[in-house]
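A.B. asks: Here you go, query_22.txt (compact mmCIF, C-alpha atoms):
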```txt
# COMPACT_ATOMS: atom_id res chain seq x y z
CA MET X 665 -219.15 -130.99 118.39
CA PHE X 666 -220.36 -133.46 121.01
CA TRP X 667 -220.51 -130.58 123.48
CA VAL X 668 -223.48 -129.12 121.64
CA SER X 669 -225.69 -131.40 123.75
CA VAL X 670 -224.17 -130.26 127.05
CA PRO X 671 -226.15 -126.99 127.51
CA PHE X 672 -229.39 -128.75 126.58
CA GLY X 673 -228.59 -131.55 129.01
CA LEU X 674 -227.84 -129.10 131.81
CA ALA X 675 -231.09 -127.27 131.06
CA GLY X 676 -232.87 -130.63 131.26
CA VAL X 677 -231.36 -131.37 134.68
CA VAL X 678 -232.22 -127.95 136.12
CA PHE X 679 -235.70 -127.59 134.66
CA GLY X 680 -236.48 -131.25 135.27
CA TRP X 681 -235.62 -130.82 138.93
CA LEU X 682 -237.74 -127.67 139.17
CA VAL X 683 -240.68 -128.62 136.99
CA LEU X 684 -241.26 -132.37 136.86
CA PRO X 685 -243.80 -133.61 139.39
CA GLN X 686 -242.99 -136.34 141.89
CA THR X 687 -244.64 -139.53 140.76
CA ILE X 688 -246.97 -141.25 143.16
CA GLN X 689 -245.84 -144.73 144.03
CA SER X 690 -248.52 -147.23 143.15
CA GLY X 691 -249.31 -150.29 145.18
CA GLU X 692 -247.94 -152.60 142.48
CA SER X 693 -245.15 -155.02 143.06
CA LYS X 694 -241.69 -153.45 143.01
CA GLN X 695 -240.02 -156.69 142.08
CA PHE X 696 -237.50 -156.30 139.28
CA ASP X 697 -237.10 -159.18 136.87
CA ARG X 698 -233.29 -159.34 136.75
CA TRP X 699 -232.99 -162.41 134.55
CA GLY X 700 -235.68 -161.07 132.26
CA ALA X 701 -233.75 -157.81 131.94
CA VAL X 702 -230.55 -159.70 131.06
CA LEU X 703 -232.32 -161.90 128.50
CA LEU X 704 -234.26 -159.12 126.87
CA SER X 705 -231.31 -156.72 126.71
CA ALA X 706 -229.06 -159.39 125.22
CA ALA X 707 -231.71 -160.42 122.70
CA LEU X 708 -232.29 -156.82 121.61
CA ALA X 709 -228.55 -156.18 121.39
CA ALA X 710 -228.12 -159.29 119.24
CA LEU X 711 -230.94 -158.14 117.00
CA VAL X 712 -229.42 -154.70 116.51
CA ILE X 713 -225.97 -156.20 115.80
CA SER X 714 -227.35 -158.62 113.26
CA LEU X 715 -229.26 -155.87 111.47
CA SER X 716 -226.34 -153.46 111.43
CA GLU X 717 -223.75 -156.05 110.38
CA LEU X 718 -225.94 -157.63 107.75
CA GLU X 719 -223.93 -156.12 104.93
CA THR X 720 -220.46 -156.95 106.15
CA TRP X 721 -220.69 -160.16 108.12
CA GLN X 722 -220.45 -163.66 106.73
CA PRO X 723 -223.83 -165.40 106.33
CA GLU X 724 -222.98 -167.92 109.05
CA THR X 725 -222.30 -165.16 111.57
CA VAL X 726 -225.51 -163.38 110.72
CA MET X 727 -227.46 -166.61 111.03
CA LEU X 728 -225.97 -167.38 114.44
CA THR X 729 -226.72 -163.89 115.68
CA CYS X 730 -230.27 -164.03 114.38
CA LEU X 731 -230.81 -167.37 116.10
CA TRP X 732 -229.97 -165.93 119.48
CA PRO X 733 -233.25 -164.07 120.15
CA PRO X 734 -235.50 -167.05 119.27
CA SER X 735 -233.31 -169.27 121.42
CA CYS X 736 -234.38 -167.19 124.41
CA CYS X 737 -238.05 -168.04 123.84
CA PRO X 738 -238.11 -171.43 125.58
CA ILE X 739 -236.40 -169.91 128.61
CA CYS X 740 -238.85 -167.02 128.63
CA MET X 741 -241.79 -169.36 128.21
CA GLU X 742 -240.64 -171.56 131.06
CA ARG X 743 -240.20 -168.54 133.29
CA THR X 744 -243.64 -167.27 132.34
CA LEU X 745 -245.35 -170.57 133.07
CA THR X 746 -243.68 -171.03 136.43
CA ARG X 747 -244.28 -167.46 137.56
CA GLU X 748 -247.28 -166.63 139.73
CA PRO X 749 -250.09 -165.27 137.52
CA ALA X 750 -250.33 -162.05 139.55
CA ASN X 751 -246.67 -161.24 138.86
CA ARG X 752 -246.56 -162.12 135.17
CA SER X 753 -247.00 -158.55 134.03
CA GLN X 754 -243.82 -157.66 135.96
CA ALA X 755 -241.73 -160.12 133.94
CA LEU X 756 -239.69 -158.43 131.26
CA SER X 757 -239.30 -161.70 129.39
CA CYS X 758 -242.94 -162.68 129.70
CA CYS X 759 -244.19 -164.47 126.61
CA SER X 760 -247.81 -165.06 127.58
CA LEU X 761 -249.19 -163.58 124.39
CA PRO X 762 -252.76 -164.90 124.69
CA GLY X 763 -255.01 -163.29 127.22
CA GLY X 764 -254.22 -159.65 126.57
CA SER X 765 -250.83 -159.37 128.21
CA TYR X 766 -249.02 -156.08 128.21
CA TRP X 767 -246.14 -157.50 126.17
CA GLY X 768 -248.29 -159.31 123.68
CA LYS X 769 -250.72 -156.55 122.91
CA ARG X 770 -248.55 -153.49 123.26
CA VAL X 771 -244.82 -153.96 123.29
CA LEU X 772 -244.85 -156.41 120.40
CA ARG X 773 -247.50 -154.65 118.34
CA ALA X 774 -246.25 -151.13 118.79
CA PRO X 775 -242.79 -151.57 117.19
CA LEU X 776 -244.36 -153.51 114.32
CA ARG X 777 -245.91 -150.26 113.14
CA ASN X 778 -242.53 -148.57 113.24
CA VAL X 779 -240.85 -151.46 111.44
CA PHE X 780 -242.69 -150.54 108.23
CA HIS X 781 -240.78 -147.29 107.97
CA HIS X 782 -237.43 -148.97 108.53
CA VAL X 783 -238.16 -151.69 106.01
CA VAL X 784 -238.58 -149.04 103.33
CA CYS X 785 -235.38 -147.27 104.41
CA PHE X 786 -233.44 -150.53 104.21
CA CYS X 787 -234.99 -151.29 100.81
CA ALA X 788 -233.95 -147.83 99.62
CA ARG X 789 -230.43 -148.47 100.77
CA PHE X 790 -230.16 -151.78 98.98
CA SER X 791 -231.88 -150.48 95.87
CA SER X 792 -229.54 -147.51 95.40
CA ILE X 793 -226.44 -147.84 93.30
CA ASP X 794 -223.88 -146.57 95.79
CA GLY X 795 -225.66 -146.98 99.11
CA LEU X 796 -228.20 -144.55 100.48
CA CYS X 797 -226.82 -141.32 99.07
CA ARG X 798 -227.03 -138.15 101.13
CA PRO X 799 -229.63 -136.27 99.07
CA SER X 800 -232.00 -139.25 99.28
CA SER X 801 -231.51 -139.76 103.00
CA SER X 802 -232.15 -136.07 103.70
CA THR X 803 -235.71 -136.66 102.51
CA ILE X 804 -236.40 -138.52 105.78
CA PRO X 805 -235.83 -135.60 108.22
CA ILE X 806 -237.45 -133.15 105.82
CA MET X 807 -240.68 -135.14 105.57
CA ILE X 808 -240.70 -135.90 109.30
CA SER X 809 -240.30 -132.19 110.03
CA ILE X 810 -243.18 -131.34 107.73
CA THR X 811 -245.52 -134.02 109.05
CA ALA X 812 -244.72 -133.81 112.78
CA PRO X 813 -246.63 -130.57 113.53
CA ILE X 814 -249.82 -131.83 111.89
CA SER X 815 -249.64 -135.45 113.04
CA GLY X 816 -251.24 -134.70 116.43
CA ARG X 817 -254.14 -132.93 114.76
CA LEU X 818 -254.58 -135.73 112.24
CA TYR X 819 -254.63 -138.25 115.05
CA GLU X 820 -257.30 -136.29 116.93
CA LYS X 821 -259.41 -135.85 113.82
CA PHE X 822 -259.23 -139.26 112.17
CA GLY X 823 -258.10 -141.64 114.92
CA SER X 824 -255.83 -144.63 114.64
CA ARG X 825 -258.31 -146.83 112.82
CA ILE X 826 -257.89 -144.67 109.74
CA LEU X 827 -254.34 -143.42 110.17
CA THR X 828 -252.74 -146.83 110.73
CA PRO X 829 -254.04 -148.38 107.48
CA VAL X 830 -253.19 -145.14 105.66
CA GLY X 831 -249.64 -145.22 107.04
CA MET X 832 -249.20 -148.86 106.10
CA ALA X 833 -250.63 -148.20 102.63
CA LEU X 834 -248.12 -145.36 102.12
CA CYS X 835 -245.29 -147.73 103.07
CA SER X 836 -246.60 -150.35 100.66
CA VAL X 837 -246.71 -147.80 97.84
CA ALA X 838 -243.15 -146.80 98.74
CA ILE X 839 -241.97 -150.40 98.43
CA VAL X 840 -243.65 -150.67 95.02
CA PHE X 841 -241.77 -147.54 93.91
CA LEU X 842 -238.48 -149.00 95.08
CA ALA X 843 -239.14 -152.19 93.15
CA LYS X 844 -239.11 -150.23 89.87
CA ARG X 845 -235.88 -150.71 87.94
CA GLN X 846 -233.92 -148.09 86.10
CA ASP X 847 -233.97 -148.37 82.31
CA GLY X 848 -231.11 -150.44 81.00
CA MET X 849 -230.45 -152.22 84.29
CA ASP X 850 -230.21 -155.98 84.60
CA PRO X 851 -233.55 -157.69 85.18
CA GLY X 852 -232.29 -159.04 88.51
CA SER X 853 -231.10 -155.70 89.85
CA LEU X 854 -232.97 -153.63 92.43
CA GLN X 855 -231.74 -150.19 91.47
CA ALA X 856 -234.66 -147.82 91.56
CA PRO X 857 -234.49 -144.49 89.72
CA GLU X 858 -233.44 -141.51 91.83
CA HIS X 859 -236.80 -139.70 91.80
CA LEU X 860 -238.64 -142.83 92.91
CA ARG X 861 -236.21 -143.28 95.80
CA TYR X 862 -236.97 -139.73 96.92
CA LEU X 863 -240.68 -140.37 96.65
CA ALA X 864 -240.50 -143.69 98.49
CA LEU X 865 -238.48 -142.31 101.38
CA GLY X 866 -240.82 -139.32 101.61
CA LEU X 867 -243.86 -141.59 101.79
CA ALA X 868 -242.22 -143.88 104.35
CA SER X 869 -241.25 -140.96 106.58
CA THR X 870 -244.74 -139.50 106.40
CA SER X 871 -246.15 -142.88 107.27
CA ARG X 872 -243.82 -143.25 110.24
CA GLN X 873 -244.88 -139.92 111.64
CA ILE X 874 -248.62 -140.43 111.35
CA MET X 875 -248.40 -143.90 112.91
CA GLN X 876 -246.00 -142.82 115.63
CA LEU X 877 -248.58 -141.29 117.96
CA ARG X 878 -250.59 -144.46 117.98
CA TRP X 879 -247.75 -146.79 118.88
CA ARG X 880 -246.57 -144.36 121.51
CA GLN X 881 -250.05 -144.44 122.99
CA LEU X 882 -250.12 -148.24 122.85
CA LEU X 883 -247.02 -148.33 124.99
CA THR X 884 -248.18 -145.82 127.57
CA ASP X 885 -251.89 -146.29 128.14
CA GLU X 886 -252.69 -147.73 131.52
CA THR X 887 -255.82 -149.52 130.36
CA PRO X 888 -256.26 -151.10 126.93
CA ARG X 889 -258.95 -149.61 124.75
CA PRO X 890 -261.51 -151.79 122.98
CA GLU X 891 -259.78 -151.18 119.66
CA ASP X 892 -256.53 -152.67 121.05
CA CYS X 893 -258.21 -155.98 121.79
CA MET Y 1294 -252.58 -133.06 137.05
CA HIS Y 1295 -249.52 -130.86 137.39
CA ALA Y 1296 -249.94 -127.11 137.99
CA TYR Y 1297 -247.75 -126.21 135.02
CA PRO Y 1298 -248.34 -129.03 132.56
CA TRP Y 1299 -246.80 -127.27 129.57
CA PHE Y 1300 -243.52 -126.83 131.46
CA VAL Y 1301 -243.45 -130.60 131.91
CA VAL Y 1302 -244.08 -130.99 128.19
CA ALA Y 1303 -241.28 -128.52 127.47
CA VAL Y 1304 -238.79 -130.45 129.62
CA THR Y 1305 -239.63 -133.73 127.89
CA CYS Y 1306 -239.28 -131.92 124.56
CA ILE Y 1307 -235.68 -131.08 125.54
CA GLY Y 1308 -235.05 -134.79 126.09
CA ALA Y 1309 -236.67 -135.69 122.77
CA PHE Y 1310 -234.68 -133.01 120.96
CA ILE Y 1311 -231.21 -133.86 122.26
CA GLY Y 1312 -231.73 -137.59 121.76
CA GLN Y 1313 -232.47 -137.15 118.05
CA LEU Y 1314 -229.92 -134.38 117.62
CA ASP Y 1315 -227.12 -136.47 119.02
CA ALA Y 1316 -228.06 -139.51 116.98
CA ARG Y 1317 -227.96 -137.53 113.72
CA ILE Y 1318 -225.19 -135.03 114.35
CA VAL Y 1319 -222.46 -137.66 114.47
CA GLN Y 1320 -223.17 -139.17 111.08
CA LEU Y 1321 -221.24 -136.49 109.23
CA THR Y 1322 -218.17 -136.95 111.41
CA LEU Y 1323 -217.44 -140.51 110.34
CA PRO Y 1324 -214.95 -139.62 107.56
CA THR Y 1325 -213.21 -137.18 109.93
CA LEU Y 1326 -213.01 -139.76 112.70
CA GLU Y 1327 -211.71 -142.28 110.18
CA ARG Y 1328 -208.89 -139.91 109.28
CA ASP Y 1329 -208.11 -138.67 112.82
CA PHE Y 1330 -208.02 -142.11 114.41
CA HIS Y 1331 -206.44 -143.84 111.39
CA ALA Y 1332 -209.26 -146.38 111.52
CA THR Y 1333 -211.43 -148.10 108.95
CA LEU Y 1334 -214.93 -146.92 108.19
CA ALA Y 1335 -216.30 -150.16 109.66
CA SER Y 1336 -214.54 -149.36 112.96
CA VAL Y 1337 -215.70 -145.76 113.21
CA SER Y 1338 -219.24 -146.68 112.23
CA ARG Y 1339 -219.43 -148.38 115.64
CA VAL Y 1340 -219.68 -144.86 117.07
CA VAL Y 1341 -223.14 -144.74 115.50
CA ILE Y 1342 -224.13 -148.40 115.76
CA ASP Y 1343 -223.15 -148.93 119.40
CA TYR Y 1344 -225.13 -145.83 120.28
CA ARG Y 1345 -228.30 -147.45 118.94
CA LEU Y 1346 -227.28 -150.76 120.46
CA ALA Y 1347 -227.20 -149.41 124.00
CA TYR Y 1348 -230.48 -147.58 123.48
CA ALA Y 1349 -232.31 -150.62 122.14
CA SER Y 1350 -231.07 -152.94 124.84
CA THR Y 1351 -231.59 -150.66 127.85
CA LEU Y 1352 -234.90 -149.00 127.04
CA PRO Y 1353 -237.21 -151.81 128.27
CA VAL Y 1354 -235.16 -152.16 131.45
CA PHE Y 1355 -235.40 -148.46 132.22
CA ALA Y 1356 -239.12 -148.56 131.43
CA ARG Y 1357 -239.59 -151.15 134.17
CA LEU Y 1358 -237.26 -149.33 136.55
CA SER Y 1359 -239.31 -146.18 136.07
CA GLU Y 1360 -242.31 -148.08 137.43
CA ILE Y 1361 -240.36 -149.18 140.48
CA LEU Y 1362 -238.25 -146.11 141.23
CA ARG Y 1363 -239.16 -142.43 141.19
CA ARG Y 1364 -239.62 -141.43 137.57
CA LYS Y 1365 -238.56 -137.86 138.17
CA TRP Y 1366 -235.15 -138.82 139.51
CA LEU Y 1367 -234.61 -141.48 136.88
CA TYR Y 1368 -235.34 -138.88 134.23
CA ILE Y 1369 -233.03 -136.27 135.76
CA GLY Y 1370 -230.41 -139.00 136.17
CA GLY Y 1371 -230.76 -139.73 132.46
CA PHE Y 1372 -230.13 -136.09 131.63
CA ALA Y 1373 -227.11 -136.04 133.95
CA VAL Y 1374 -225.55 -139.20 132.49
CA PHE Y 1375 -226.20 -138.00 128.96
CA THR Y 1376 -224.62 -134.60 129.68
CA ILE Y 1377 -221.54 -136.02 131.38
CA ALA Y 1378 -221.04 -138.55 128.58
CA SER Y 1379 -221.44 -135.82 125.93
CA PHE Y 1380 -218.81 -133.79 127.72
CA LEU Y 1381 -216.44 -136.77 127.88
CA CYS Y 1382 -216.94 -137.54 124.18
CA GLY Y 1383 -215.21 -134.26 123.37
CA PHE Y 1384 -212.12 -135.40 125.28
CA ALA Y 1385 -211.90 -138.89 123.77
CA SER Y 1386 -208.30 -139.57 122.83
CA ASP Y 1387 -208.91 -142.80 120.92
CA LEU Y 1388 -211.72 -144.56 119.16
CA GLU Y 1389 -212.37 -147.08 121.94
CA ALA Y 1390 -212.81 -144.30 124.47
CA LEU Y 1391 -215.18 -142.45 122.14
CA ILE Y 1392 -217.28 -145.60 121.64
CA ALA Y 1393 -217.36 -146.20 125.41
CA TYR Y 1394 -218.53 -142.63 126.05
CA ARG Y 1395 -221.13 -142.96 123.33
CA LEU Y 1396 -222.44 -146.11 125.00
CA LEU Y 1397 -222.68 -144.21 128.27
CA GLN Y 1398 -224.42 -141.37 126.45
CA ASP Y 1399 -227.04 -143.73 125.11
CA ILE Y 1400 -227.63 -145.36 128.47
CA GLY Y 1401 -228.57 -141.82 129.54
CA GLU Y 1402 -230.83 -141.52 126.55
CA GLY Y 1403 -232.44 -144.82 127.49
CA CYS Y 1404 -233.46 -143.17 130.77
CA LEU Y 1405 -234.89 -140.24 128.83
CA GLY Y 1406 -236.65 -142.44 126.27
CA GLN Y 1407 -238.69 -144.33 128.84
CA GLN Y 1408 -240.29 -141.04 129.83
CA SER Y 1409 -241.52 -140.17 126.36
CA HIS Y 1410 -245.10 -140.68 127.55
CA ASN Y 1411 -244.80 -137.85 130.06
CA PRO Y 1412 -246.28 -135.20 127.74
CA ARG Y 1413 -249.50 -137.18 127.47
CA LYS Y 1414 -249.80 -137.75 131.18
CA ALA Y 1415 -248.98 -134.18 132.14
CA VAL Y 1416 -251.89 -132.50 130.37
CA GLU Y 1417 -255.65 -132.82 130.31
CA PRO Y 1418 -257.01 -135.55 128.01
CA ASN Y 1419 -258.34 -133.01 125.52
CA GLN Y 1420 -254.88 -131.43 125.25
CA ARG Y 1421 -252.98 -134.65 124.67
CA GLY Y 1422 -252.92 -134.33 120.90
CA ARG Y 1423 -251.32 -130.91 121.18
CA ALA Y 1424 -248.77 -132.17 123.71
CA MET Y 1425 -247.78 -135.09 121.50
CA LYS Y 1426 -247.62 -132.75 118.54
CA LEU Y 1427 -245.08 -130.59 120.36
CA PHE Y 1428 -243.13 -133.66 121.42
CA ALA Y 1429 -243.07 -135.02 117.87
CA ALA Y 1430 -242.06 -131.59 116.57
CA ALA Y 1431 -239.15 -131.45 119.03
CA GLN Y 1432 -237.97 -134.82 117.76
CA ALA Y 1433 -238.35 -133.67 114.18
CA VAL Y 1434 -236.35 -130.51 114.85
CA GLY Y 1435 -233.62 -132.69 116.34
CA ILE Y 1436 -233.66 -135.01 113.33
CA GLY Y 1437 -233.65 -132.12 110.87
CA SER Y 1438 -231.12 -129.89 112.58
CA GLY Y 1439 -228.65 -132.65 113.47
CA PRO Y 1440 -226.94 -133.00 110.09
CA VAL Y 1441 -227.02 -129.24 109.48
CA LEU Y 1442 -225.59 -128.36 112.88
CA GLY Y 1443 -223.09 -131.20 112.58
CA GLY Y 1444 -221.87 -129.89 109.24
CA VAL Y 1445 -221.52 -126.33 110.53
CA LEU Y 1446 -219.68 -127.38 113.70
CA LEU Y 1447 -217.47 -129.85 111.86
CA GLY Y 1448 -216.46 -127.15 109.38
CA SER Y 1449 -215.78 -124.54 112.05
CA VAL Y 1450 -214.57 -126.16 115.28
CA GLY Y 1451 -214.13 -129.84 114.37
CA TRP Y 1452 -215.55 -132.81 116.23
```
With the file now loaded, output its structure as structure tokens.

C.D. replies:
Amino acid sequence: MFWVSVPFGLAGVVFGWLVLPQTIQSGESKQFDRWGAVLLSAALAALVISLSELETWQPETVMLTCLWPPSCCPICMERTLTREPANRSQALSCCSLPGGSYWGKRVLRAPLRNVFHHVVCFCARFSSIDGLCRPSSSTIPIMISITAPISGRLYEKFGSRILTPVGMALCSVAIVFLAKRQDGMDPGSLQAPEHLRYLALGLASTSRQIMQLRWRQLLTDETPRPEDC
Amino acid sequence: MHAYPWFVVAVTCIGAFIGQLDARIVQLTLPTLERDFHATLASVSRVVIDYRLAYASTLPVFARLSEILRRKWLYIGGFAVFTIASFLCGFASDLEALIAYRLLQDIGEGCLGQQSHNPRKAVEPNQRGRAMKLFAAAQAVGIGSGPVLGGVLLGSVGW
């Protein structure tokens, strides 16, 4: 089954070699921030582990794992302050959020838009009786498939100023749906009825797709636009 | 601007498609892996989790490397690593080997992921919406077809 990717991968190698243009090397510094790469990779890995093991690990373990990324901040800050201003944008662990840095305005803001979608998916998982059941979870790819072809057009027509609040509003509505309890359930339980789970996941997936183009653009634009500032 | 911008978009769509396909296709195999390797569900779920782990932790590094090195070769290298790792996954004799190959596979996908802005840069500014639409559609096809294809292949040829 894993071999299903092999022909596509080979096609990617061949066509990539034939088709992709050679990139022009810019005059920017080619210095690679090795320590920044180590810190950032470890912090991201710790974050993913803590999120994925949240259900099974002991609270102490989760807390320790979650403390790891913030513990990097003083190191990152020190490195940022001691680095030459001209090279700060090259630092992977740069924390100079004020002043319109690449990391502050783009890398940190862009995933925040995507987090909304995942928050709803996690809520759906915790609010279902026996985990996120397969019919509910299939709503996510279905809605993404439906929305993806029109998301580019929507983005061109309405722009991010409208689509981002709309996407966030859809996620908020989804969370409200998930907060509804089934009849007869304990007041403290978070077990949403099946049809509301479907609806919430559908809304969250739609929201993810219409906000996706914007956060992708935030990460890739060479020059910030006025609306980013 | 490249002479054949839509070919560039098509190549990046392949990368977007296989990344999502491979992330989704494996989810149905967990009970089978649990049985074949005589492992717990928590152990075999690392096949999925470690895949995301490697992607999350390597993506920013590859993004910076793509600014320093030649993007084209980094991207092709990503395809090559991903393909080799996918091939090796089929030969994994134990769970640890499978997880190691999956990690390698996702390091390859990290190389592919940092190039996800290529469709926008390849085409004229007024065509960027269409390029991103195709890119998003390729991802969506991967997301949607992964579980279906996984179910069909699991039922017919196994993992």

A.B. asks: What is the distance, in Å and to one decimal place, between atom CA of Leu1442 of chain Y and atom CA of Gly1312 of chain Y?

C.D. replies: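 We find that atom CA of Leu1442 of chain Y and atom CA of Gly1312 of chain Y lie 14.2 Å from each other.
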
A.B. asks: With a cut-off of 8 Å, could you pull out the residues of chain Y touching chain X and give me the nearest pair of atoms for each, distance in Å to one decimal, using all atoms listed in the file, ordered by chain and ascending number, as JSON lines?

C.D. replies:
```
{"residue": "Y:His1295", "atom": "CA", "partner": "X:Pro685", "partner_atom": "CA", "distance": 6.7}
{"residue": "Y:Tyr1297", "atom": "CA", "partner": "X:Val683", "partner_atom": "CA", "distance": 7.7}
{"residue": "Y:Phe1300", "atom": "CA", "partner": "X:Val683", "partner_atom": "CA", "distance": 6.5}
{"residue": "Y:Val1301", "atom": "CA", "partner": "X:Leu684", "partner_atom": "CA", "distance": 5.7}
{"residue": "Y:Val1304", "atom": "CA", "partner": "X:Gly676", "partner_atom": "CA", "distance": 6.1}
{"residue": "Y:Ile1307", "atom": "CA", "partner": "X:Gly676", "partner_atom": "CA", "distance": 6.4}
{"residue": "Y:Gly1308", "atom": "CA", "partner": "X:Gly676", "partner_atom": "CA", "distance": 7.0}
{"residue": "Y:Ile1311", "atom": "CA", "partner": "X:Ser669", "partner_atom": "CA", "distance": 6.2}
{"residue": "Y:Asp1315", "atom": "CA", "partner": "X:Ser669", "partner_atom": "CA", "distance": 7.1}
{"residue": "Y:Ile1342", "atom": "CA", "partner": "X:Ser716", "partner_atom": "CA", "distance": 7.0}
{"residue": "Y:Arg1345", "atom": "CA", "partner": "X:Val712", "partner_atom": "CA", "distance": 7.7}
{"residue": "Y:Leu1346", "atom": "CA", "partner": "X:Ala709", "partner_atom": "CA", "distance": 5.6}
{"residue": "Y:Ala1347", "atom": "CA", "partner": "X:Ala709", "partner_atom": "CA", "distance": 7.4}
{"residue": "Y:Ala1349", "atom": "CA", "partner": "X:Leu708", "partner_atom": "CA", "distance": 6.2}
{"residue": "Y:Ser1350", "atom": "CA", "partner": "X:Ser705", "partner_atom": "CA", "distance": 4.2}
{"residue": "Y:Thr1351", "atom": "CA", "partner": "X:Ser705", "partner_atom": "CA", "distance": 6.2}
{"residue": "Y:Pro1353", "atom": "CA", "partner": "X:Leu756", "partner_atom": "CA", "distance": 7.7}
{"residue": "Y:Val1354", "atom": "CA", "partner": "X:Ala701", "partner_atom": "CA", "distance": 5.8}
{"residue": "Y:Arg1357", "atom": "CA", "partner": "X:Phe696", "partner_atom": "CA", "distance": 7.6}
{"residue": "Y:Leu1358", "atom": "CA", "partner": "X:Phe696", "partner_atom": "CA", "distance": 7.5}
{"residue": "Y:Glu1360", "atom": "CA", "partner": "X:Lys694", "partner_atom": "CA", "distance": 7.8}
{"residue": "Y:Ile1361", "atom": "CA", "partner": "X:Lys694", "partner_atom": "CA", "distance": 5.1}
{"residue": "Y:Arg1363", "atom": "CA", "partner": "X:Thr687", "partner_atom": "CA", "distance": 6.2}
{"residue": "Y:Arg1364", "atom": "CA", "partner": "X:Thr687", "partner_atom": "CA", "distance": 6.2}
{"residue": "Y:Lys1365", "atom": "CA", "partner": "X:Gln686", "partner_atom": "CA", "distance": 6.0}
{"residue": "Y:Tyr1368", "atom": "CA", "partner": "X:Gly680", "partner_atom": "CA", "distance": 7.8}
{"residue": "Y:Ile1369", "atom": "CA", "partner": "X:Val677", "partner_atom": "CA", "distance": 5.3}
{"residue": "Y:Gly1370", "atom": "CA", "partner": "X:Val677", "partner_atom": "CA", "distance": 7.8}
{"residue": "Y:Phe1372", "atom": "CA", "partner": "X:Gly673", "partner_atom": "CA", "distance": 5.5}
{"residue": "Y:Ala1373", "atom": "CA", "partner": "X:Val677", "partner_atom": "CA", "distance": 6.4}
{"residue": "Y:Phe1375", "atom": "CA", "partner": "X:Gly673", "partner_atom": "CA", "distance": 6.9}
{"residue": "Y:Thr1376", "atom": "CA", "partner": "X:Gly673", "partner_atom": "CA", "distance": 5.1}
{"residue": "Y:Ile1377", "atom": "CA", "partner": "X:Val670", "partner_atom": "CA", "distance": 7.7}
{"residue": "Y:Ser1379", "atom": "CA", "partner": "X:Phe666", "partner_atom": "CA", "distance": 5.6}
{"residue": "Y:Phe1380", "atom": "CA", "partner": "X:Trp667", "partner_atom": "CA", "distance": 5.6}
{"residue": "Y:Cys1382", "atom": "CA", "partner": "X:Phe666", "partner_atom": "CA", "distance": 6.2}
{"residue": "Y:Gly1383", "atom": "CA", "partner": "X:Phe666", "partner_atom": "CA", "distance": 5.7}
{"residue": "Y:His1410", "atom": "CA", "partner": "X:Thr884", "partner_atom": "CA", "distance": 6.0}
{"residue": "Y:Gly1422", "atom": "CA", "partner": "X:Gly816", "partner_atom": "CA", "distance": 4.8}
{"residue": "Y:Arg1423", "atom": "CA", "partner": "X:Gly816", "partner_atom": "CA", "distance": 6.1}
{"residue": "Y:Met1425", "atom": "CA", "partner": "X:Gly816", "partner_atom": "CA", "distance": 6.2}
{"residue": "Y:Lys1426", "atom": "CA", "partner": "X:Gly816", "partner_atom": "CA", "distance": 4.6}
{"residue": "Y:Leu1427", "atom": "CA", "partner": "X:Pro813", "partner_atom": "CA", "distance": 7.0}
{"residue": "Y:Ala1429", "atom": "CA", "partner": "X:Ala812", "partner_atom": "CA", "distance": 5.5}
{"residue": "Y:Ala1430", "atom": "CA", "partner": "X:Ala812", "partner_atom": "CA", "distance": 5.1}
{"residue": "Y:Ala1433", "atom": "CA", "partner": "X:Ser809", "partner_atom": "CA", "distance": 4.8}
{"residue": "Y:Val1434", "atom": "CA", "partner": "X:Ser809", "partner_atom": "CA", "distance": 6.5}
{"residue": "Y:Ile1436", "atom": "CA", "partner": "X:Pro805", "partner_atom": "CA", "distance": 5.6}
{"residue": "Y:Gly1437", "atom": "CA", "partner": "X:Pro805", "partner_atom": "CA", "distance": 4.9}
{"residue": "Y:Gly1443", "atom": "CA", "partner": "X:Met665", "partner_atom": "CA", "distance": 7.0}
{"residue": "Y:Leu1446", "atom": "CA", "partner": "X:Met665", "partner_atom": "CA", "distance": 5.9}
{"residue": "Y:Leu1447", "atom": "CA", "partner": "X:Met665", "partner_atom": "CA", "distance": 6.8}
{"residue": "Y:Val1450", "atom": "CA", "partner": "X:Met665", "partner_atom": "CA", "distance": 7.3}
{"residue": "Y:Gly1451", "atom": "CA", "partner": "X:Met665", "partner_atom": "CA", "distance": 6.5}
{"residue": "Y:Trp1452", "atom": "CA", "partner": "X:Met665", "partner_atom": "CA", "distance": 4.6}
```

A.B. asks: Grab the atom CA of Val1337 of chain Y to atom CA of Ala1385 of chain Y distance for me, in Å with one decimal place.

C.D. replies: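 These two atoms are separated by 13.2 Å.
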
A.B. asks: Tell me, in Å to one decimal, how far atom CA of Thr1322 of chain Y is from atom CA of Arg872 of chain X.

C.D. replies: 26.4 Å

A.B. asks: Counting all atoms listed in the file, figure out which residue out of Y:Leu1323, Y:Val1445, Y:Leu1405, Y:Ala1424 gets nearest to Ala1335 of chain Y.

C.D. replies: Y:Leu1323

A.B. asks: Would you pick out the contacts of Ser1386 of chain Y at 12 Å or less, using all atoms listed in the file, so that residues sharing its chain but fewer than 4 positions from it are not included, and give the list as a PyMOL selection string?

C.D. replies: chain Y and resi 1326+1329-1330+1381-1382+1390-1394+1452
